[in-house]
>>> print(open('run.cif').read())   # mmCIF, C-alpha atoms
data_data
loop_
_atom_site.label_atom_id
_atom_site.label_comp_id
_atom_site.auth_asym_id
_atom_site.auth_seq_id
_atom_site.Cartn_x
_atom_site.Cartn_y
_atom_site.Cartn_z
CA MET A 1 -12.91 10.31 13.29
CA PHE A 2 -11.11 9.28 16.46
CA SER A 3 -12.95 6.74 18.61
CA VAL A 4 -12.01 4.37 21.41
CA THR A 5 -13.60 1.48 19.52
CA SER A 6 -11.49 2.17 16.44
CA ILE A 7 -8.31 2.35 18.52
CA ILE A 8 -9.12 -1.01 20.14
CA LEU A 9 -9.85 -2.55 16.75
CA ALA A 10 -6.62 -1.09 15.37
CA PHE A 11 -4.68 -2.66 18.25
CA PHE A 12 -6.01 -6.12 17.53
CA SER A 13 -5.82 -5.59 13.77
CA GLY A 14 -2.10 -4.92 14.16
CA ILE A 15 -1.75 -8.25 15.97
CA LEU A 16 -3.80 -9.93 13.26
CA GLY A 17 -1.43 -8.59 10.64
CA THR A 18 1.63 -10.04 12.35
CA PHE A 19 0.49 -13.63 12.04
CA ILE A 20 -1.24 -13.29 8.66
CA GLY A 21 1.68 -11.51 6.99
CA GLY A 22 1.72 -8.11 5.31
CA THR A 23 1.18 -9.15 1.70
CA GLN A 24 -1.49 -11.64 2.74
CA THR A 25 -3.40 -8.95 4.65
CA PHE A 26 -3.39 -6.77 1.55
CA ILE A 27 -4.71 -9.62 -0.57
CA CYS A 28 -7.53 -9.98 1.97
CA THR A 29 -8.18 -6.24 1.70
CA GLY A 30 -8.53 -6.54 -2.06
CA PHE A 31 -10.84 -9.54 -1.82
CA ILE A 32 -13.11 -7.82 0.71
CA GLY A 33 -13.14 -4.66 -1.41
CA ILE A 34 -14.31 -6.64 -4.44
CA ILE A 35 -17.03 -8.35 -2.40
CA VAL A 36 -18.24 -5.01 -1.01
CA SER A 37 -18.46 -3.55 -4.53
CA ILE A 38 -20.43 -6.56 -5.80
CA LEU A 39 -22.83 -6.55 -2.85
CA ALA A 40 -23.34 -2.79 -3.03
CA GLY A 41 -24.10 -3.11 -6.73
CA THR A 42 -26.89 -5.59 -5.94
CA GLY A 43 -28.43 -3.28 -3.35
CA VAL A 44 -27.17 -5.08 -0.23
CA ASP A 45 -26.47 -2.90 2.82
CA THR A 46 -22.69 -3.07 3.15
CA ALA A 47 -22.26 -0.44 5.88
CA PHE A 48 -20.83 -2.78 8.52
CA ILE A 49 -18.56 -4.69 6.15
CA ASN A 50 -17.33 -1.48 4.55
CA ASP A 51 -16.87 0.62 7.69
CA THR A 52 -15.70 -1.94 10.24
CA VAL A 53 -14.21 -4.86 8.32
CA LEU A 54 -12.74 -3.18 5.22
CA ASN A 55 -11.97 0.30 6.53
CA THR A 56 -10.84 -0.60 10.05
CA LEU A 57 -9.75 -4.21 10.55
CA PHE A 58 -8.34 -4.68 7.06
CA LEU A 59 -7.43 -1.08 6.31
CA PRO A 60 -3.83 -1.26 5.01
CA CYS A 61 -2.63 1.68 7.10
CA ILE A 62 -3.64 -0.35 10.16
CA ILE A 63 -3.20 -4.06 9.45
CA PHE A 64 -0.40 -3.81 6.89
CA ASN A 65 1.39 -1.25 9.03
CA GLY A 66 1.16 -3.68 11.94
CA ALA A 67 2.62 -6.50 9.86
CA GLY A 68 5.33 -4.42 8.20
CA PHE A 69 6.53 -2.70 11.36
CA ALA A 70 6.50 -5.96 13.33
CA THR A 71 8.51 -7.62 10.56
CA ALA A 72 11.12 -4.87 10.83
CA TYR A 73 11.24 -5.38 14.60
CA ALA A 74 11.42 -9.17 14.25
CA SER A 75 14.43 -8.87 11.94
CA LYS A 76 16.45 -7.64 14.93
CA HIS A 77 15.57 -10.67 17.06
CA HIS A 78 14.60 -13.57 14.79
CA ASP A 79 15.61 -15.30 11.57
CA ILE A 80 13.79 -13.03 9.14
CA ARG A 81 14.70 -10.01 7.03
CA GLY A 82 12.80 -6.80 7.60
CA VAL A 83 11.64 -6.69 3.98
CA GLU A 84 10.01 -10.13 4.10
CA THR A 85 6.51 -8.80 4.59
CA SER A 86 4.95 -11.83 2.89
CA ARG A 87 5.91 -14.05 5.81
CA SER A 88 3.73 -14.78 8.81
CA LEU A 89 5.45 -13.92 12.09
CA ALA A 90 3.74 -16.76 13.95
CA PHE A 91 7.02 -18.70 13.84
CA THR A 92 8.60 -16.23 16.29
CA ASN A 93 6.37 -17.24 19.21
CA ASP A 94 7.28 -13.83 20.58
CA ALA A 95 4.70 -11.73 22.41
CA LYS A 96 6.84 -8.62 21.83
CA VAL A 97 6.43 -9.09 18.07
CA LEU A 98 2.66 -9.20 18.46
CA LEU A 99 2.62 -6.11 20.67
CA THR A 100 4.91 -4.25 18.26
CA GLY A 101 2.43 -4.98 15.49
CA ALA A 102 -0.44 -3.88 17.70
CA LEU A 103 1.21 -0.54 18.52
CA ALA A 104 2.03 0.03 14.85
CA GLY A 105 -1.61 -0.64 13.99
CA VAL A 106 -2.70 1.98 16.51
CA LEU A 107 -0.08 4.45 15.28
CA GLY A 108 -1.19 3.89 11.68
CA TYR A 109 -4.79 4.54 12.67
CA VAL A 110 -3.95 7.69 14.66
CA ILE A 111 -2.00 9.18 11.74
CA TYR A 112 -4.83 8.30 9.34
CA ALA A 113 -7.54 9.69 11.61
CA PHE A 114 -5.56 12.89 12.27
CA GLU A 115 -5.18 13.53 8.55
CA ASN A 116 -8.87 12.88 7.91
CA TYR A 117 -9.92 15.11 10.81
CA TYR A 118 -8.03 18.02 9.28
CA HIS A 119 -9.10 17.11 5.72
CA PHE A 120 -5.65 16.67 4.21
CA SER A 121 -5.85 16.73 0.42
CA VAL A 122 -4.09 13.42 -0.09
CA ASP A 123 -4.73 9.70 0.21
CA THR A 124 -4.35 9.67 3.99
CA GLY A 125 -3.91 5.92 4.23
CA ALA A 126 -0.90 6.05 1.92
CA VAL A 127 0.75 8.76 4.00
CA SER A 128 0.23 6.68 7.14
CA VAL A 129 1.84 3.64 5.48
CA ILE A 130 4.84 5.75 4.42
CA LEU A 131 5.39 7.31 7.85
CA VAL A 132 5.18 4.03 9.75
CA GLY A 133 7.46 2.39 7.18
CA VAL A 134 10.04 5.16 7.51
CA LEU A 135 9.89 4.85 11.31
CA GLY A 136 10.56 1.13 11.00
CA ARG A 137 13.55 1.85 8.73
CA LEU A 138 14.98 4.35 11.22
CA LEU A 139 14.55 2.07 14.23
CA TYR A 140 15.27 -1.43 12.95
CA ASN A 141 17.25 -1.34 9.71
CA LYS A 142 20.25 -3.72 9.72
CA GLU A 143 21.07 -3.55 6.01
CA GLN A 144 21.61 -0.90 3.33
CA THR A 145 19.36 2.15 3.35
CA TYR A 146 19.31 2.42 -0.43
CA ASN A 147 20.31 0.18 -3.31
CA ALA A 148 23.36 1.65 -5.04
CA LYS A 149 23.44 -1.11 -7.66
CA ASN A 150 19.92 -0.29 -8.78
CA VAL A 151 20.78 3.41 -8.96
CA ASP A 152 23.48 2.49 -11.45
CA PHE A 153 21.12 0.17 -13.29
CA LEU A 154 18.48 2.86 -13.69
CA LYS A 155 21.07 5.34 -14.93
CA ASN A 156 22.11 2.93 -17.65
CA ALA A 157 18.82 1.18 -18.39
CA GLY A 158 18.20 1.07 -22.10
CA PHE A 159 15.25 1.55 -24.40
CA GLY A 160 13.99 -2.00 -23.94
CA PHE A 161 13.58 -1.64 -20.17
CA TRP A 162 11.86 1.74 -20.24
CA SER A 163 9.65 0.96 -23.24
CA TYR A 164 8.38 -2.15 -21.45
CA GLN A 165 7.60 -0.17 -18.30
CA ILE A 166 5.87 2.62 -20.23
CA ILE A 167 3.71 0.25 -22.28
CA PHE A 168 2.81 -1.73 -19.16
CA GLY A 169 1.90 1.42 -17.21
CA ILE A 170 -0.21 2.80 -20.04
CA ALA A 171 -2.06 -0.49 -20.51
CA VAL A 172 -2.97 -0.89 -16.84
CA SER A 173 -3.97 2.79 -16.52
CA ALA A 174 -6.08 2.78 -19.67
CA VAL A 175 -8.02 -0.37 -18.76
CA MET A 176 -8.75 0.67 -15.19
CA GLY A 177 -9.36 4.31 -16.14
CA TYR A 178 -11.97 3.21 -18.68
CA PHE A 179 -13.55 0.83 -16.18
CA ALA A 180 -13.70 3.55 -13.52
CA LYS A 181 -15.24 6.03 -15.95
CA GLU A 182 -17.92 3.61 -17.12
CA THR A 183 -18.89 2.27 -13.68
CA GLY A 184 -18.13 5.12 -11.29
CA LEU A 185 -16.23 2.60 -9.12
CA TYR A 186 -13.11 4.69 -8.72
CA THR A 187 -11.32 2.40 -6.26
CA ILE A 188 -12.31 -1.01 -7.63
CA GLY A 189 -9.04 -1.17 -9.58
CA PHE A 190 -7.19 -0.87 -6.28
CA SER A 191 -9.14 -3.84 -4.88
CA ILE A 192 -8.56 -5.96 -7.97
CA SER A 193 -4.85 -5.13 -7.98
CA ALA A 194 -4.54 -5.87 -4.27
CA PHE A 195 -6.23 -9.26 -4.67
CA SER A 196 -4.05 -10.06 -7.70
CA LEU A 197 -1.00 -10.09 -5.42
CA ILE A 198 -2.04 -13.62 -4.52
CA PHE A 199 0.01 -14.50 -7.61
CA ALA A 200 3.06 -12.81 -6.07
CA LEU A 201 3.03 -15.47 -3.36
CA ILE A 202 3.73 -17.99 -6.14
CA ASP A 203 5.97 -15.82 -8.32
CA PRO A 204 7.75 -12.95 -6.51
CA ALA A 205 8.30 -11.24 -9.89
CA PHE A 206 4.56 -10.62 -10.24
CA PRO A 207 4.18 -6.80 -10.17
CA ALA A 208 2.16 -4.68 -7.78
CA THR A 209 -0.24 -2.45 -9.71
CA HIS A 210 -2.52 -1.02 -7.02
CA HIS A 211 -0.81 2.38 -7.07
CA THR A 212 -1.28 2.60 -10.83
CA THR A 213 -4.93 1.55 -10.80
CA LEU A 214 -5.88 3.67 -7.79
CA ILE A 215 -4.30 6.82 -9.23
CA ALA A 216 -5.99 6.15 -12.57
CA GLY A 217 -9.28 5.87 -10.69
CA TYR A 218 -8.60 9.07 -8.76
CA ALA A 219 -7.80 10.86 -12.02
CA ILE A 220 -11.18 9.80 -13.46
CA MET A 221 -12.90 10.84 -10.25
CA GLN A 222 -11.33 14.30 -10.39
CA THR A 223 -11.39 14.98 -14.14
CA GLY A 224 -13.46 12.36 -15.93
CA GLN A 225 -10.77 12.18 -18.61
CA ILE A 226 -9.23 8.88 -19.78
CA ALA A 227 -6.13 10.70 -21.04
CA THR A 228 -5.52 12.18 -17.58
CA ALA A 229 -5.97 8.75 -16.02
CA ILE A 230 -3.38 7.27 -18.39
CA ILE A 231 -0.85 10.05 -17.73
CA PHE A 232 -1.16 9.95 -13.94
CA GLY A 233 -1.40 6.16 -13.81
CA LEU A 234 1.79 5.88 -15.85
CA LEU A 235 3.58 8.41 -13.64
CA ALA A 236 2.47 6.48 -10.55
CA HIS A 237 3.79 3.26 -12.04
CA LEU A 238 7.16 4.81 -12.85
CA LEU A 239 7.57 6.50 -9.47
CA GLY A 240 6.66 3.28 -7.64
CA LEU A 241 9.13 1.37 -9.79
CA VAL A 242 12.05 3.78 -9.29
CA PHE A 243 11.44 4.33 -5.57
CA GLY A 244 11.12 0.61 -5.00
CA MET A 245 14.29 -0.29 -6.86
CA ILE A 246 16.32 2.33 -5.00
CA PHE A 247 14.85 2.42 -1.50
CA ASN A 248 13.18 -0.96 -1.03
CA THR A 249 14.80 -3.75 -3.05
CA ASP A 250 17.46 -5.51 -0.94
CA CYS A 251 17.19 -2.89 1.79
CA GLY A 252 16.76 -3.73 5.45
CA THR A 253 13.09 -2.93 6.03
CA HIS A 254 9.99 -2.27 3.95
CA VAL A 255 9.09 1.28 2.94
CA ASP A 256 6.12 0.87 0.63
CA PRO A 257 6.81 2.12 -2.94
CA PRO A 258 3.13 2.04 -4.05
CA ALA A 259 2.20 4.18 -1.03
CA VAL A 260 4.80 6.76 -2.08
CA ALA A 261 3.31 6.92 -5.57
CA ILE A 262 -0.27 7.06 -4.28
CA ALA A 263 0.50 9.82 -1.78
CA THR A 264 2.41 11.89 -4.34
CA PHE A 265 -0.12 11.83 -7.15
CA SER A 266 -3.26 11.82 -5.01
CA PHE A 267 -1.96 15.06 -3.47
CA ILE A 268 -1.51 16.58 -6.94
CA LEU A 269 -4.90 15.38 -8.16
CA PHE A 270 -6.83 16.37 -5.02
CA THR A 271 -5.12 19.77 -4.80
CA PHE A 272 -4.98 20.98 -8.40
CA PHE A 273 -7.86 19.21 -10.18
#
>>> encode(input="run.cif", output="structure tokens")
Amino acid sequence: MFSVTSIILAFFSGILGTFIGGTQTFICTGFIGIIVSILAGTGVDTAFINDTVLNTLFLPCIIFNGAGFATAYASKHHDIRGVETSRSLAFTNDAKVLLTGALAGVLGYVIYAFENYYHFSVDTGAVSVILVGVLGRLLYNKEQTYNAKNVDFLKNAGFGFWSYQIIFGIAVSAVMGYFAKETGLYTIGFSISAFSLIFALIDPAFPATHHTTLIAGYAIMQTGQIATAIIFGLLAHLLGLVFGMIFNTDCGTHVDPPAVAIATFSFILFTFF
């Protein structure tokens, strides 16, 4: 629902994202999501934390959009690449960077609220993240738009590479699908995966799994079937992997691969199941 208060919060949330850093904001989102789940499970009223803190201030399509878009803008004016969304932009000391993040936060919220108002059958936050990311690519990209080397790599990748990815995707989907089925907490896997990215700040090779776990949770929510959760979770993992390697790795700005996977398979699950 559109509201003046939410727009104001989105404005300042976008600024908040610029000096926290995109990845760091998402880690905060995961941590808060876990806390909300724990408190709700003990009977604590979590309405304010859930509605205002988690789903406004730290909603990825607001705060991460602010950080990501501002990073793309900053790459045109400061010593930073547009894909470096794990860096705080405080070093720029540039009010225009803050305001760019603020406007992106508002834009992310408006897209999200518009989709929810018209009941789009998709994860509306993911669509918002994609659209703002694509806008940043169109406006501020200074490097390659897609990674031709990774296209060649994927064409020639052997059994070892794909078997690893398939086993990994199945394992993550099965564990979180089972957990979602047993607890009814369909998005807790998303929160856990988001918080786990704290390890990516230490080791950049640490993989993002929130698209896999969220889609597995959505599959349980829609069908109640572990097998469906494994299939869709695996597909989400593979789509995120391929999209990221081609359109994000070593490109000029960040277009979020997990958001692409979440939007694609949430649409299928919400529309046909």
>>> resolve_selection(input="run.cif", expression="the PyMOL selection byres ((chain A and resi 75-77) around 12)", output="PyMOL selection string")
chain A and resi 68-74+78-85+87+89+92-94+96-97+136-137+139-143+252-254
>>> residues_near_point(input="run.cif", point="(13.6, -0.7, -8.3)", cutoff="12 Å", atoms="all atoms listed in the file", output="NGL selection string")
:A and (146-155 or 157 or 161 or 165 or 205 or 207 or 237-251 or 256-258)
>>> closest_residue(input="run.cif", among="A:Thr29, A:Ile8, A:Phe2, A:Ile15", to="Ile198 in chain A", atoms="all atoms listed in the file")
A:Thr29
>>> closest_residue(input="run.cif", among="A:Ala208, A:Ser196, A:Gly158, A:Thr213", to="Gly177 in chain A", atoms="only C-alpha atoms")
A:Thr213
>>> atom_distance(input="run.cif", atom1="CA of Val255 in chain A", atom2="CA of His119 in chain A")
24.3 Å
>>> closest_residue(input="run.cif", among="A:Thr52, A:Thr25, A:Thr187, A:Ser266", to="Val122 in chain A", atoms="all atoms listed in the file")
A:Ser266
>>> closest_residue(input="run.cif", among="A:Ile7, A:Ile166, A:Ile230, A:Ala126", to="Asn65 in chain A", atoms="all atoms listed in the file")
A:Ala126
>>> resolve_selection(input="run.cif", expression="the PyMOL selection byres ((chain A and resi 27) around 7)", output="count of residues only")
12
>>> residues_around(input="run.cif", residues="range 106-110 of chain A", least_positions_apart="2", cutoff="12 Å", atoms="all atoms listed in the file", output="number ranges by chain")
A: 1-15, 55-69, 99-104, 112-117, 124-133, 135-136
>>> closest_residue(input="run.cif", among="A:Gly217, A:Gly41, A:Gly160, A:Gly224", to="Gly189 in chain A", atoms="all atoms listed in the file")
A:Gly217
>>> atom_distance(input="run.cif", atom1="CA of Ile35 in chain A", atom2="CA of Ala229 in chain A")
24.5 Å
>>> atom_distance(input="run.cif", atom1="CA of Leu54 in chain A", atom2="CA of Ser191 in chain A")
10.7 Å
>>> closest_residue(input="run.cif", among="A:Phe232, A:Tyr118, A:Phe273, A:Phe190", to="Ala261 in chain A", atoms="all atoms listed in the file")
A:Phe232
>>> resolve_selection(input="run.cif", expression="the PyMOL selection byres ((chain A and resi 270) around 9)", output="PyMOL selection string")
chain A and resi 121-123+218-219+222+265-269+271-273
